[in-house]
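Data from coords-v4.txt: compact mmCIF, C-alpha atoms
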```
# COMPACT_ATOMS: atom_id res chain seq x y z
CA MET A 89 -17.17 -22.98 9.38
CA LYS A 90 -19.79 -24.21 11.74
CA PHE A 91 -17.36 -25.82 14.05
CA ASP A 92 -19.16 -29.08 14.35
CA ILE A 93 -16.88 -31.49 12.59
CA ASN A 94 -19.45 -34.22 12.45
CA LEU A 95 -20.51 -34.91 8.88
CA ASN A 96 -21.00 -38.48 7.77
CA SER A 97 -17.71 -39.49 6.10
CA THR A 98 -19.07 -40.03 2.59
CA ASP A 99 -21.02 -36.77 2.66
CA ALA A 100 -17.92 -34.99 3.93
CA LEU A 101 -15.85 -36.30 1.03
CA LEU A 102 -18.46 -35.41 -1.58
CA ASP A 103 -19.06 -31.93 -0.13
CA THR A 104 -15.32 -31.30 -0.02
CA PHE A 105 -14.59 -32.29 -3.60
CA ARG A 106 -17.56 -30.19 -4.75
CA ARG A 107 -15.54 -27.25 -3.44
CA HIS A 108 -12.39 -28.30 -5.27
CA ALA A 109 -11.35 -27.50 -8.86
CA ALA A 110 -9.08 -29.71 -10.96
CA GLY A 111 -7.14 -29.54 -14.20
CA VAL A 112 -8.27 -31.83 -17.01
CA ALA A 113 -6.18 -34.47 -18.79
CA VAL A 114 -6.75 -37.33 -21.19
CA ILE A 115 -4.99 -40.67 -20.61
CA THR A 116 -4.73 -43.23 -23.42
CA THR A 117 -3.28 -46.66 -24.04
CA THR A 118 -3.68 -49.62 -26.38
CA PHE A 119 -5.38 -52.74 -25.02
CA ARG A 120 -5.97 -55.87 -27.09
CA ASP A 121 -5.00 -53.87 -30.18
CA GLN A 122 -7.68 -51.27 -29.52
CA PRO A 123 -7.19 -47.64 -28.48
CA VAL A 124 -8.69 -46.87 -25.06
CA GLY A 125 -8.67 -43.77 -22.91
CA PHE A 126 -10.51 -41.49 -20.54
CA THR A 127 -10.74 -37.96 -19.18
CA ALA A 128 -8.89 -37.68 -15.87
CA THR A 129 -8.99 -34.98 -13.22
CA SER A 130 -6.49 -36.65 -10.90
CA ILE A 131 -3.12 -36.21 -12.58
CA THR A 132 -0.18 -35.02 -10.56
CA SER A 133 3.59 -34.88 -10.87
CA LEU A 134 5.77 -36.86 -8.46
CA GLY A 135 8.99 -34.97 -8.99
CA ALA A 136 11.10 -34.14 -12.02
CA LYS A 137 14.19 -36.31 -11.37
CA PRO A 138 13.26 -38.95 -12.24
CA PRO A 139 10.19 -37.49 -13.95
CA LEU A 140 7.20 -39.35 -12.49
CA ILE A 141 3.46 -38.87 -12.89
CA MET A 142 0.49 -40.34 -11.04
CA PHE A 143 -3.23 -40.65 -11.71
CA SER A 144 -6.16 -42.78 -10.59
CA VAL A 145 -8.88 -44.67 -12.42
CA ALA A 146 -12.14 -46.00 -10.96
CA LYS A 147 -13.04 -49.68 -11.01
CA GLY A 148 -16.29 -49.12 -12.89
CA ALA A 149 -14.55 -47.31 -15.76
CA SER A 150 -14.07 -48.90 -19.19
CA SER A 151 -10.37 -47.99 -18.93
CA TYR A 152 -9.85 -49.72 -15.58
CA GLU A 153 -8.76 -53.13 -16.86
CA PRO A 154 -6.64 -51.65 -19.68
CA MET A 155 -4.83 -49.47 -17.12
CA LEU A 156 -4.11 -52.50 -14.89
CA HIS A 157 -2.28 -54.11 -17.80
CA ALA A 158 -0.77 -51.11 -19.58
CA GLU A 159 2.97 -50.95 -20.13
CA HIS A 160 2.87 -47.48 -21.68
CA ILE A 161 0.32 -44.68 -21.67
CA ALA A 162 0.06 -41.18 -23.10
CA LEU A 163 -0.95 -38.34 -20.79
CA HIS A 164 -2.33 -35.20 -22.47
CA THR A 165 -3.02 -31.86 -20.84
CA LEU A 166 -5.99 -30.01 -22.32
CA GLY A 167 -6.78 -26.40 -23.10
CA LYS A 168 -9.87 -24.39 -24.08
CA ARG A 169 -9.72 -25.71 -27.65
CA ASN A 170 -9.94 -29.30 -26.35
CA LEU A 171 -13.33 -29.02 -24.62
CA ALA A 172 -15.06 -31.37 -27.10
CA LEU A 173 -12.24 -33.90 -26.68
CA ALA A 174 -12.60 -33.82 -22.88
CA GLN A 175 -16.34 -34.37 -23.18
CA ARG A 176 -15.97 -37.16 -25.72
CA MET A 177 -13.40 -39.02 -23.61
CA ALA A 178 -15.81 -38.91 -20.66
CA ALA A 179 -18.85 -40.16 -22.64
CA ASP A 180 -19.73 -43.41 -24.51
CA HIS A 181 -16.47 -45.37 -24.56
CA THR A 182 -17.24 -47.00 -27.92
CA GLN A 183 -17.13 -43.59 -29.64
CA ARG A 184 -13.99 -42.15 -28.07
CA PHE A 185 -11.71 -42.98 -31.00
CA ALA A 186 -14.35 -42.87 -33.75
CA THR A 187 -12.85 -39.64 -35.11
CA SER A 188 -9.58 -39.09 -36.94
CA ASP A 189 -8.04 -36.56 -34.56
CA TRP A 190 -5.55 -39.08 -33.11
CA GLU A 191 -2.66 -41.21 -34.31
CA LEU A 192 -0.42 -43.88 -32.88
CA GLY A 193 2.61 -42.46 -31.13
CA PRO A 194 5.71 -44.02 -29.54
CA HIS A 195 5.16 -47.50 -28.03
CA GLY A 196 1.84 -47.73 -29.87
CA VAL A 197 -0.07 -45.35 -27.60
CA PRO A 198 -2.81 -43.17 -29.14
CA VAL A 199 -1.87 -39.50 -29.20
CA PHE A 200 -4.05 -36.42 -29.75
CA PRO A 201 -1.92 -33.78 -31.51
CA ALA A 202 -4.43 -31.01 -30.66
CA ALA A 203 -3.67 -31.33 -26.93
CA THR A 204 -1.57 -28.65 -25.22
CA SER A 205 1.03 -31.25 -24.24
CA VAL A 206 1.62 -34.98 -24.32
CA LEU A 207 3.82 -37.22 -22.21
CA ILE A 208 4.79 -40.75 -23.19
CA VAL A 209 4.95 -42.71 -19.95
CA LYS A 210 6.23 -46.15 -18.95
CA ILE A 211 4.12 -47.62 -16.13
CA ARG A 212 6.06 -48.42 -12.99
CA GLU A 213 3.46 -49.43 -10.48
CA VAL A 214 -0.30 -49.96 -10.22
CA ILE A 215 -1.77 -49.96 -6.72
CA GLU A 216 -5.29 -51.31 -6.41
CA ILE A 217 -7.08 -49.81 -3.45
CA GLU A 218 -10.78 -50.38 -2.85
CA SER A 219 -12.72 -49.06 -5.85
CA ASN A 220 -9.76 -47.38 -7.61
CA ALA A 221 -6.34 -48.04 -9.04
CA VAL A 222 -3.49 -45.60 -8.54
CA VAL A 223 -1.09 -45.64 -11.47
CA ILE A 224 2.49 -44.34 -11.23
CA GLY A 225 4.64 -43.99 -14.31
CA GLU A 226 7.94 -42.60 -15.52
CA VAL A 227 8.02 -40.06 -18.33
CA LEU A 228 10.08 -41.23 -21.31
CA THR A 229 9.57 -38.29 -23.65
CA GLY A 230 6.91 -35.83 -24.74
CA ALA A 231 5.96 -32.86 -26.87
CA THR A 232 4.26 -29.55 -26.28
CA GLY A 233 1.51 -28.09 -28.43
CA GLU A 234 0.40 -24.51 -28.82
CA GLU A 235 -0.30 -22.85 -25.48
CA ASP A 236 -3.90 -22.30 -24.47
CA GLU A 237 -5.92 -21.49 -21.37
CA ALA A 238 -5.96 -24.60 -19.15
CA LEU A 239 -9.20 -26.56 -19.04
CA LEU A 240 -10.68 -26.92 -15.53
CA TYR A 241 -13.38 -29.13 -14.07
CA GLN A 242 -15.47 -28.19 -11.05
CA LYS A 243 -19.11 -28.38 -9.99
CA ARG A 244 -19.70 -30.96 -12.76
CA ALA A 245 -18.81 -28.51 -15.54
CA TYR A 246 -15.79 -27.30 -17.52
CA TYR A 247 -14.32 -23.86 -16.83
CA LEU A 248 -11.38 -21.67 -17.74
CA PRO A 249 -9.09 -19.94 -15.26
CA GLY A 250 -10.10 -16.36 -14.54
CA GLU A 251 -8.70 -13.64 -12.29
CA ARG A 252 -5.08 -13.95 -11.17
CA LEU A 253 -4.75 -13.24 -7.43
CA SER A 254 -0.97 -13.14 -6.95
CA GLU A 255 2.26 -12.35 -8.75
CA PRO A 256 4.00 -15.39 -10.23
CA ARG A 257 6.61 -16.78 -7.82
CA GLN A 258 10.19 -16.58 -9.03
CA MET B 275 1.57 -29.92 -31.86
CA LYS B 276 4.84 -30.15 -33.66
CA PHE B 277 4.66 -33.85 -34.07
CA ASP B 278 8.14 -34.58 -32.93
CA ILE B 279 7.62 -36.36 -29.65
CA ASN B 280 11.23 -36.08 -28.64
CA LEU B 281 11.58 -33.78 -25.64
CA ASN B 282 14.00 -34.72 -22.89
CA SER B 283 11.88 -36.46 -20.24
CA THR B 284 12.41 -33.94 -17.44
CA ASP B 285 11.71 -30.99 -19.76
CA ALA B 286 8.61 -32.77 -21.04
CA LEU B 287 7.29 -33.21 -17.50
CA LEU B 288 7.99 -29.60 -16.52
CA ASP B 289 6.50 -28.18 -19.74
CA THR B 290 3.42 -30.34 -19.31
CA PHE B 291 2.69 -29.36 -15.73
CA ARG B 292 3.21 -25.70 -16.67
CA ARG B 293 0.15 -26.19 -18.87
CA HIS B 294 -1.89 -27.75 -16.07
CA ALA B 295 -3.98 -26.03 -13.39
CA ALA B 296 -4.69 -27.49 -9.96
CA GLY B 297 -6.97 -26.87 -7.00
CA VAL B 298 -5.34 -25.78 -3.76
CA ALA B 299 -5.57 -27.53 -0.39
CA VAL B 300 -3.86 -27.36 2.99
CA ILE B 301 -2.84 -30.57 4.77
CA THR B 302 -2.03 -30.53 8.49
CA THR B 303 -1.01 -32.92 11.23
CA THR B 304 0.65 -32.93 14.63
CA PHE B 305 4.22 -34.23 14.87
CA ARG B 306 6.20 -34.35 18.13
CA ASP B 307 3.48 -32.21 19.71
CA GLN B 308 3.89 -29.46 17.12
CA PRO B 309 1.42 -28.45 14.40
CA VAL B 310 2.82 -28.96 10.91
CA GLY B 311 1.30 -28.55 7.46
CA PHE B 312 1.72 -27.45 3.87
CA THR B 313 -0.09 -26.21 0.79
CA ALA B 314 -0.83 -29.09 -1.58
CA THR B 315 -1.89 -29.07 -5.22
CA SER B 316 -2.08 -32.84 -5.58
CA ILE B 317 -5.20 -33.87 -3.68
CA THR B 318 -7.64 -36.27 -5.27
CA SER B 319 -10.53 -38.46 -4.21
CA LEU B 320 -10.27 -42.25 -4.54
CA GLY B 321 -13.96 -43.05 -4.38
CA ALA B 322 -16.73 -42.31 -1.94
CA LYS B 323 -17.42 -45.80 -0.53
CA PRO B 324 -15.24 -46.11 1.41
CA PRO B 325 -14.35 -42.39 1.25
CA LEU B 326 -10.64 -42.24 0.42
CA ILE B 327 -8.32 -39.36 -0.42
CA MET B 328 -4.79 -39.23 -1.80
CA PHE B 329 -2.05 -36.62 -1.96
CA SER B 330 1.71 -36.45 -2.36
CA VAL B 331 4.49 -34.67 -0.49
CA ALA B 332 8.05 -34.06 -1.68
CA LYS B 333 11.08 -35.39 0.17
CA GLY B 334 12.62 -31.96 0.61
CA ALA B 335 9.52 -30.55 2.32
CA SER B 336 9.40 -29.81 6.04
CA SER B 337 6.19 -31.85 6.21
CA TYR B 338 7.72 -34.96 4.61
CA GLU B 339 8.83 -36.75 7.77
CA PRO B 340 5.68 -35.79 9.71
CA MET B 341 3.56 -37.22 6.88
CA LEU B 342 5.52 -40.50 6.93
CA HIS B 343 4.56 -40.92 10.60
CA ALA B 344 1.10 -39.35 10.70
CA GLU B 345 -1.83 -41.37 11.95
CA HIS B 346 -4.37 -38.64 11.23
CA ILE B 347 -4.35 -35.53 9.07
CA ALA B 348 -6.76 -32.73 8.23
CA LEU B 349 -7.32 -31.86 4.57
CA HIS B 350 -8.75 -28.40 3.87
CA THR B 351 -10.02 -27.08 0.55
CA LEU B 352 -9.42 -23.37 0.02
CA GLY B 353 -11.35 -20.52 -1.54
CA LYS B 354 -10.64 -16.95 -2.61
CA ARG B 355 -10.74 -15.75 1.00
CA ASN B 356 -7.96 -18.23 1.91
CA LEU B 357 -5.26 -16.84 -0.42
CA ALA B 358 -3.09 -15.59 2.45
CA LEU B 359 -3.38 -18.97 4.19
CA ALA B 360 -2.29 -20.79 1.01
CA GLN B 361 0.71 -18.48 0.68
CA ARG B 362 1.66 -18.79 4.35
CA MET B 363 1.50 -22.60 4.29
CA ALA B 364 3.86 -22.61 1.31
CA ALA B 365 6.41 -20.20 2.86
CA ASP B 366 8.71 -20.31 5.95
CA HIS B 367 7.62 -23.41 7.82
CA THR B 368 8.44 -21.93 11.24
CA GLN B 369 5.74 -19.26 10.76
CA ARG B 370 2.90 -21.39 9.45
CA PHE B 371 1.11 -21.69 12.79
CA ALA B 372 2.29 -18.41 14.32
CA THR B 373 -1.20 -16.94 13.96
CA SER B 374 -4.35 -17.76 15.89
CA ASP B 375 -6.56 -18.74 12.95
CA TRP B 376 -6.38 -22.47 13.77
CA GLU B 377 -7.39 -24.80 16.58
CA LEU B 378 -6.95 -28.45 17.45
CA GLY B 379 -9.67 -30.64 15.97
CA PRO B 380 -10.52 -34.34 16.29
CA HIS B 381 -7.52 -36.63 16.87
CA GLY B 382 -5.40 -33.59 17.67
CA VAL B 383 -5.01 -32.35 14.10
CA PRO B 384 -4.79 -28.58 13.50
CA VAL B 385 -7.87 -27.23 11.72
CA PHE B 386 -8.42 -23.89 9.94
CA PRO B 387 -12.08 -22.91 10.39
CA ALA B 388 -11.84 -20.31 7.59
CA ALA B 389 -11.33 -23.03 4.97
CA THR B 390 -14.17 -23.93 2.61
CA SER B 391 -14.15 -27.51 3.88
CA VAL B 392 -12.19 -29.81 6.14
CA LEU B 393 -11.84 -33.58 6.20
CA ILE B 394 -10.49 -35.53 9.16
CA VAL B 395 -8.57 -38.45 7.70
CA LYS B 396 -7.03 -41.63 9.11
CA ILE B 397 -3.89 -42.59 7.17
CA ARG B 398 -4.05 -46.01 5.55
CA GLU B 399 -0.92 -46.23 3.49
CA VAL B 400 2.21 -44.23 2.70
CA ILE B 401 4.10 -45.21 -0.45
CA GLU B 402 7.61 -43.80 -0.78
CA ILE B 403 8.63 -43.49 -4.39
CA GLU B 404 11.82 -41.73 -5.43
CA SER B 405 11.64 -38.12 -4.22
CA ASN B 406 8.00 -38.18 -3.04
CA ALA B 407 5.62 -39.95 -0.73
CA VAL B 408 2.09 -40.80 -1.81
CA VAL B 409 -0.32 -40.75 1.12
CA ILE B 410 -3.69 -42.52 1.05
CA GLY B 411 -6.21 -42.02 3.82
CA GLU B 412 -9.78 -42.77 4.80
CA VAL B 413 -12.13 -39.93 5.66
CA LEU B 414 -13.57 -40.23 9.17
CA THR B 415 -15.66 -37.06 9.29
CA GLY B 416 -15.58 -33.45 8.18
CA ALA B 417 -17.31 -30.10 8.03
CA THR B 418 -18.08 -27.59 5.33
CA GLY B 419 -17.52 -23.86 5.59
CA GLU B 420 -19.13 -21.04 3.67
CA GLU B 421 -18.92 -21.56 -0.10
CA ASP B 422 -16.42 -19.50 -2.04
CA GLU B 423 -14.76 -19.47 -5.44
CA ALA B 424 -12.20 -22.31 -5.50
CA LEU B 425 -8.55 -21.29 -5.27
CA LEU B 426 -6.42 -22.47 -8.23
CA TYR B 427 -2.69 -22.68 -8.82
CA GLN B 428 -1.07 -22.50 -12.25
CA LYS B 429 1.94 -20.83 -13.85
CA ARG B 430 3.39 -20.28 -10.34
CA ALA B 431 0.51 -18.03 -9.24
CA TYR B 432 -2.94 -18.27 -7.63
CA TYR B 433 -6.06 -17.78 -9.73
CA LEU B 434 -9.83 -18.04 -9.53
CA PRO B 435 -12.03 -19.98 -11.94
CA GLY B 436 -13.45 -17.83 -14.72
CA GLU B 437 -15.70 -18.56 -17.69
CA ARG B 438 -17.86 -21.69 -17.58
CA LEU B 439 -17.68 -23.59 -20.88
CA SER B 440 -20.38 -26.24 -20.41
CA GLU B 441 -23.65 -26.91 -18.67
CA PRO B 442 -23.27 -28.83 -15.39
CA ARG B 443 -23.72 -32.58 -15.95
CA GLN B 444 -26.73 -34.09 -14.27
```
Could the structure of this file be written out as C-alpha cells, please?
Amino acid sequence: MKFDINLNSTDALLDTFRRHAAGVAVITTTFRDQPVGFTATSITSLGAKPPLIMFSVAKGASSYEPMLHAEHIALHTLGKRNLALAQRMAADHTQRFATSDWELGPHGVPVFPAATSVLIVKIREVIEIESNAVVIGEVLTGATGEEDEALLYQKRAYYLPGERLSEPRQ
Amino acid sequence: MKFDINLNSTDALLDTFRRHAAGVAVITTTFRDQPVGFTATSITSLGAKPPLIMFSVAKGASSYEPMLHAEHIALHTLGKRNLALAQRMAADHTQRFATSDWELGPHGVPVFPAATSVLIVKIREVIEIESNAVVIGEVLTGATGEEDEALLYQKRAYYLPGERLSEPRQ
C-alpha cells in the first residue's frame, strides 16, 4: 500500500468494494398482491439462536418501498445453475416474475424452487439510513435444494469459487 | 428443491449460510490503548453518497465490547496474499497484533499496509440485536494497495474466485 491514506471518501469506498467479492442471493416478497424481488449481494447471518438475517436495499430500487412494508420475505441462496435467475432479478423489474419458475410459498412469498436454499423470514426491523434501508428478519422455516457451487459477484460480473487455500476448520 | 419448506428455523439458517460464500475483511480499532480487531465476512456498502459501510460482530467475540465503544475503525479488504492475516485475526485474540505488520493510522486505528484496501471509518450507529451488534459507519478516507485475487470464505475454509460466468456489466 502506498501509505498515503488520503483518498476522497467516495472514491475510497468504491475502490474498496471493487476489491471485494460477495455471495449472491435473491430476496422476494409480495406487495399490493404482486410478486417483487431483487438480486442482493449484502446478505448476512446475525446469529443462529434466534436465527436472524440481515440485508440492505437501495432507495432507487424497485423493491425499496415493498421492503419497507414487507411482513415476510423469502431469501434464496444461488448456485451456478441459477445464473440466469440472478441476472433476471437484477434487470427490468417488470419481467422478473414473467416466467413460471416460481410459486407462492408460506405467508404468500414467492419462492424459486431451483435455488440452492430458501429461508422464510418474518421482518423484525427496517432501519432507513441515507440512501439505503437495512432489513433485519427472523427465520421461521426453510428448505434446502440440491447443492451447487456458490454464485459470486465481483468486478461487475458473476463468478464461481475456485482454488481452496486452507483446510476446512473443525 | 424438495418442496417441503419445513426445516427447523435454526437448521434452515445454518444450511443456508453453508451454501453461501462471502468476501473476507479485517476490522480494527483501538480500545483502552490496545489494538483490537477481527476477521469479518459480513461487510457491505450502504451507498456511496454519503459513503457508508456496515458490518456485524457477535456478542461472544473479543472485539464485541470494543466495537460498541469505537469512534473510528479501519476496514481492510483482503486478497490471496493476506490469507495468514485472515487466519490470525480469527484465532487467539492475544496474538493478533503480536507481529509488526501493522501501524497506527489516522485517528489512532491500527492499519495493515499489506491489505488490498483500507477505509478509515467514523462510527455512526451501533444497533444491538440479540447476539450481535450491527455497526454502521461513514468513510472518511482510505487507500488502495496492490490488486490481488479477492479472498473468499465458504464451507469453513478460504478460497479464491475461479471461473467467470458472465461479461462484466457496463
For segment 391-400 of chain B, find every residue with an atom within 6 Å (counting all atoms listed in the file), except residues of its own chain fewer than 2 positions away, and show them as a short mmCIF file (atom, residue, chain, number, x, y, z; two decimals) with C-alpha atoms, in the frame of the given file.
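Ended up saving to selection.cif:
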```
data_model
loop_
_atom_site.label_atom_id
_atom_site.label_comp_id
_atom_site.auth_asym_id
_atom_site.auth_seq_id
_atom_site.Cartn_x
_atom_site.Cartn_y
_atom_site.Cartn_z
CA THR A 104 -15.32 -31.30 -0.02
CA GLU B 345 -1.83 -41.37 11.95
CA HIS B 346 -4.37 -38.64 11.23
CA ILE B 347 -4.35 -35.53 9.07
CA ALA B 348 -6.76 -32.73 8.23
CA LEU B 349 -7.32 -31.86 4.57
CA HIS B 350 -8.75 -28.40 3.87
CA THR B 351 -10.02 -27.08 0.55
CA ALA B 389 -11.33 -23.03 4.97
CA VAL B 408 2.09 -40.80 -1.81
CA VAL B 409 -0.32 -40.75 1.12
CA ILE B 410 -3.69 -42.52 1.05
CA GLY B 411 -6.21 -42.02 3.82
CA GLU B 412 -9.78 -42.77 4.80
CA VAL B 413 -12.13 -39.93 5.66
CA LEU B 414 -13.57 -40.23 9.17
CA THR B 415 -15.66 -37.06 9.29
CA GLY B 416 -15.58 -33.45 8.18
CA ALA B 417 -17.31 -30.10 8.03
CA THR B 418 -18.08 -27.59 5.33
CA GLY B 419 -17.52 -23.86 5.59
#
```
Interface residues on chain B facing chain A, 7 Å, all atoms listed in the file, written as a PyMOL selection string: chain B and resi 275-276+278-284+286-287+290+293-297+316+318+320-323+325+351+387-388+391+393+405-406+413-420+424+429-443
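Interatomic distance, atom CA of Ala365 of chain B to atom CA of Gly382 of chain B: 23.2 Å.
With atom CA of Ala314 of chain B on one side and atom CA of Thr117 of chain A on the other, the separation reads 28.6 Å.
Taking atom CA of Arg120 of chain A as the reference point, atom CA of Arg184 of chain A is found at 15.9 Å.
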Gly125 of chain A surroundings by all atoms listed in the file, 12 Å radius, close-in-sequence under 2 positions cut, as an MDAnalysis selection string: chainID A and resid 113:119 122:123 127:128 145 149:155 158 161:164 173:174 176:185 190 197:200
Would you mind completing segment 287-297 of chain B so that it carries all heavy atoms, and writing it out as an mmCIF file, in the frame of the given file?
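result-v5.cif, written as the output of this step:
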```cif
data_model
loop_
_atom_site.group_PDB
_atom_site.id
_atom_site.type_symbol
_atom_site.label_atom_id
_atom_site.label_comp_id
_atom_site.auth_asym_id
_atom_site.auth_seq_id
_atom_site.Cartn_x
_atom_site.Cartn_y
_atom_site.Cartn_z
ATOM 1 N N LEU B 287 8.120 -33.255 -18.705
ATOM 2 C CA LEU B 287 7.290 -33.210 -17.500
ATOM 3 C C LEU B 287 7.067 -31.761 -17.054
ATOM 4 O O LEU B 287 5.929 -31.356 -16.758
ATOM 5 C CB LEU B 287 7.922 -34.017 -16.369
ATOM 6 C CG LEU B 287 7.079 -33.958 -15.090
ATOM 7 C CD1 LEU B 287 6.690 -35.359 -14.637
ATOM 8 C CD2 LEU B 287 7.780 -33.229 -13.977
ATOM 9 N N LEU B 288 8.126 -30.975 -17.008
ATOM 10 C CA LEU B 288 7.990 -29.600 -16.520
ATOM 11 C C LEU B 288 7.112 -28.773 -17.467
ATOM 12 O O LEU B 288 6.232 -28.028 -17.019
ATOM 13 C CB LEU B 288 9.370 -28.965 -16.345
ATOM 14 C CG LEU B 288 10.228 -29.620 -15.257
ATOM 15 C CD1 LEU B 288 11.642 -29.034 -15.264
ATOM 16 C CD2 LEU B 288 9.605 -29.481 -13.869
ATOM 17 N N ASP B 289 7.317 -28.924 -18.773
ATOM 18 C CA ASP B 289 6.500 -28.180 -19.740
ATOM 19 C C ASP B 289 5.024 -28.578 -19.626
ATOM 20 O O ASP B 289 4.134 -27.742 -19.768
ATOM 21 C CB ASP B 289 6.975 -28.468 -21.173
ATOM 22 C CG ASP B 289 8.271 -27.731 -21.504
ATOM 23 O OD1 ASP B 289 8.696 -26.883 -20.707
ATOM 24 O OD2 ASP B 289 8.857 -28.035 -22.566
ATOM 25 N N THR B 290 4.794 -29.855 -19.392
ATOM 26 C CA THR B 290 3.420 -30.340 -19.310
ATOM 27 C C THR B 290 2.717 -29.769 -18.083
ATOM 28 O O THR B 290 1.594 -29.250 -18.173
ATOM 29 C CB THR B 290 3.404 -31.877 -19.262
ATOM 30 O OG1 THR B 290 3.851 -32.354 -20.536
ATOM 31 C CG2 THR B 290 2.012 -32.418 -18.982
ATOM 32 N N PHE B 291 3.367 -29.838 -16.936
ATOM 33 C CA PHE B 291 2.690 -29.360 -15.730
ATOM 34 C C PHE B 291 2.617 -27.831 -15.666
ATOM 35 O O PHE B 291 1.796 -27.295 -14.934
ATOM 36 C CB PHE B 291 3.264 -30.024 -14.481
ATOM 37 C CG PHE B 291 2.710 -31.417 -14.325
ATOM 38 C CD1 PHE B 291 3.352 -32.519 -14.887
ATOM 39 C CD2 PHE B 291 1.489 -31.624 -13.720
ATOM 40 C CE1 PHE B 291 2.808 -33.794 -14.814
ATOM 41 C CE2 PHE B 291 0.927 -32.896 -13.631
ATOM 42 C CZ PHE B 291 1.593 -33.980 -14.184
ATOM 43 N N ARG B 292 3.413 -27.139 -16.505
ATOM 44 C CA ARG B 292 3.210 -25.700 -16.670
ATOM 45 C C ARG B 292 1.898 -25.412 -17.395
ATOM 46 O O ARG B 292 1.354 -24.323 -17.293
ATOM 47 C CB ARG B 292 4.368 -25.113 -17.494
ATOM 48 C CG ARG B 292 5.367 -24.381 -16.639
ATOM 49 C CD ARG B 292 6.508 -23.822 -17.484
ATOM 50 N NE ARG B 292 7.774 -24.169 -16.843
ATOM 51 C CZ ARG B 292 8.759 -24.856 -17.400
ATOM 52 N NH1 ARG B 292 8.655 -25.264 -18.669
ATOM 53 N NH2 ARG B 292 9.833 -25.129 -16.720
ATOM 54 N N ARG B 293 1.394 -26.374 -18.130
ATOM 55 C CA ARG B 293 0.150 -26.190 -18.870
ATOM 56 C C ARG B 293 -1.070 -26.685 -18.089
ATOM 57 O O ARG B 293 -2.179 -26.707 -18.612
ATOM 58 C CB ARG B 293 0.236 -26.928 -20.205
ATOM 59 C CG ARG B 293 1.101 -26.209 -21.216
ATOM 60 C CD ARG B 293 1.506 -27.126 -22.338
ATOM 61 N NE ARG B 293 1.848 -26.412 -23.550
ATOM 62 C CZ ARG B 293 2.994 -25.767 -23.757
ATOM 63 N NH1 ARG B 293 3.910 -25.712 -22.808
ATOM 64 N NH2 ARG B 293 3.222 -25.155 -24.901
ATOM 65 N N HIS B 294 -0.842 -27.122 -16.874
ATOM 66 C CA HIS B 294 -1.890 -27.750 -16.070
ATOM 67 C C HIS B 294 -2.255 -26.827 -14.914
ATOM 68 O O HIS B 294 -1.400 -26.144 -14.357
ATOM 69 C CB HIS B 294 -1.325 -29.069 -15.531
ATOM 70 C CG HIS B 294 -2.350 -29.946 -14.880
ATOM 71 N ND1 HIS B 294 -3.386 -30.502 -15.574
ATOM 72 C CD2 HIS B 294 -2.482 -30.362 -13.602
ATOM 73 C CE1 HIS B 294 -4.122 -31.233 -14.744
ATOM 74 N NE2 HIS B 294 -3.599 -31.159 -13.543
ATOM 75 N N ALA B 295 -3.531 -26.811 -14.549
ATOM 76 C CA ALA B 295 -3.980 -26.030 -13.390
ATOM 77 C C ALA B 295 -4.457 -26.987 -12.308
ATOM 78 O O ALA B 295 -4.936 -28.076 -12.613
ATOM 79 C CB ALA B 295 -5.122 -25.106 -13.802
ATOM 80 N N ALA B 296 -4.318 -26.594 -11.056
ATOM 81 C CA ALA B 296 -4.690 -27.490 -9.960
ATOM 82 C C ALA B 296 -5.435 -26.729 -8.874
ATOM 83 O O ALA B 296 -5.201 -25.542 -8.655
ATOM 84 C CB ALA B 296 -3.438 -28.128 -9.356
ATOM 85 N N GLY B 297 -6.334 -27.424 -8.185
ATOM 86 C CA GLY B 297 -6.970 -26.870 -7.000
ATOM 87 C C GLY B 297 -5.988 -26.844 -5.837
ATOM 88 O O GLY B 297 -5.001 -27.581 -5.834
#
```
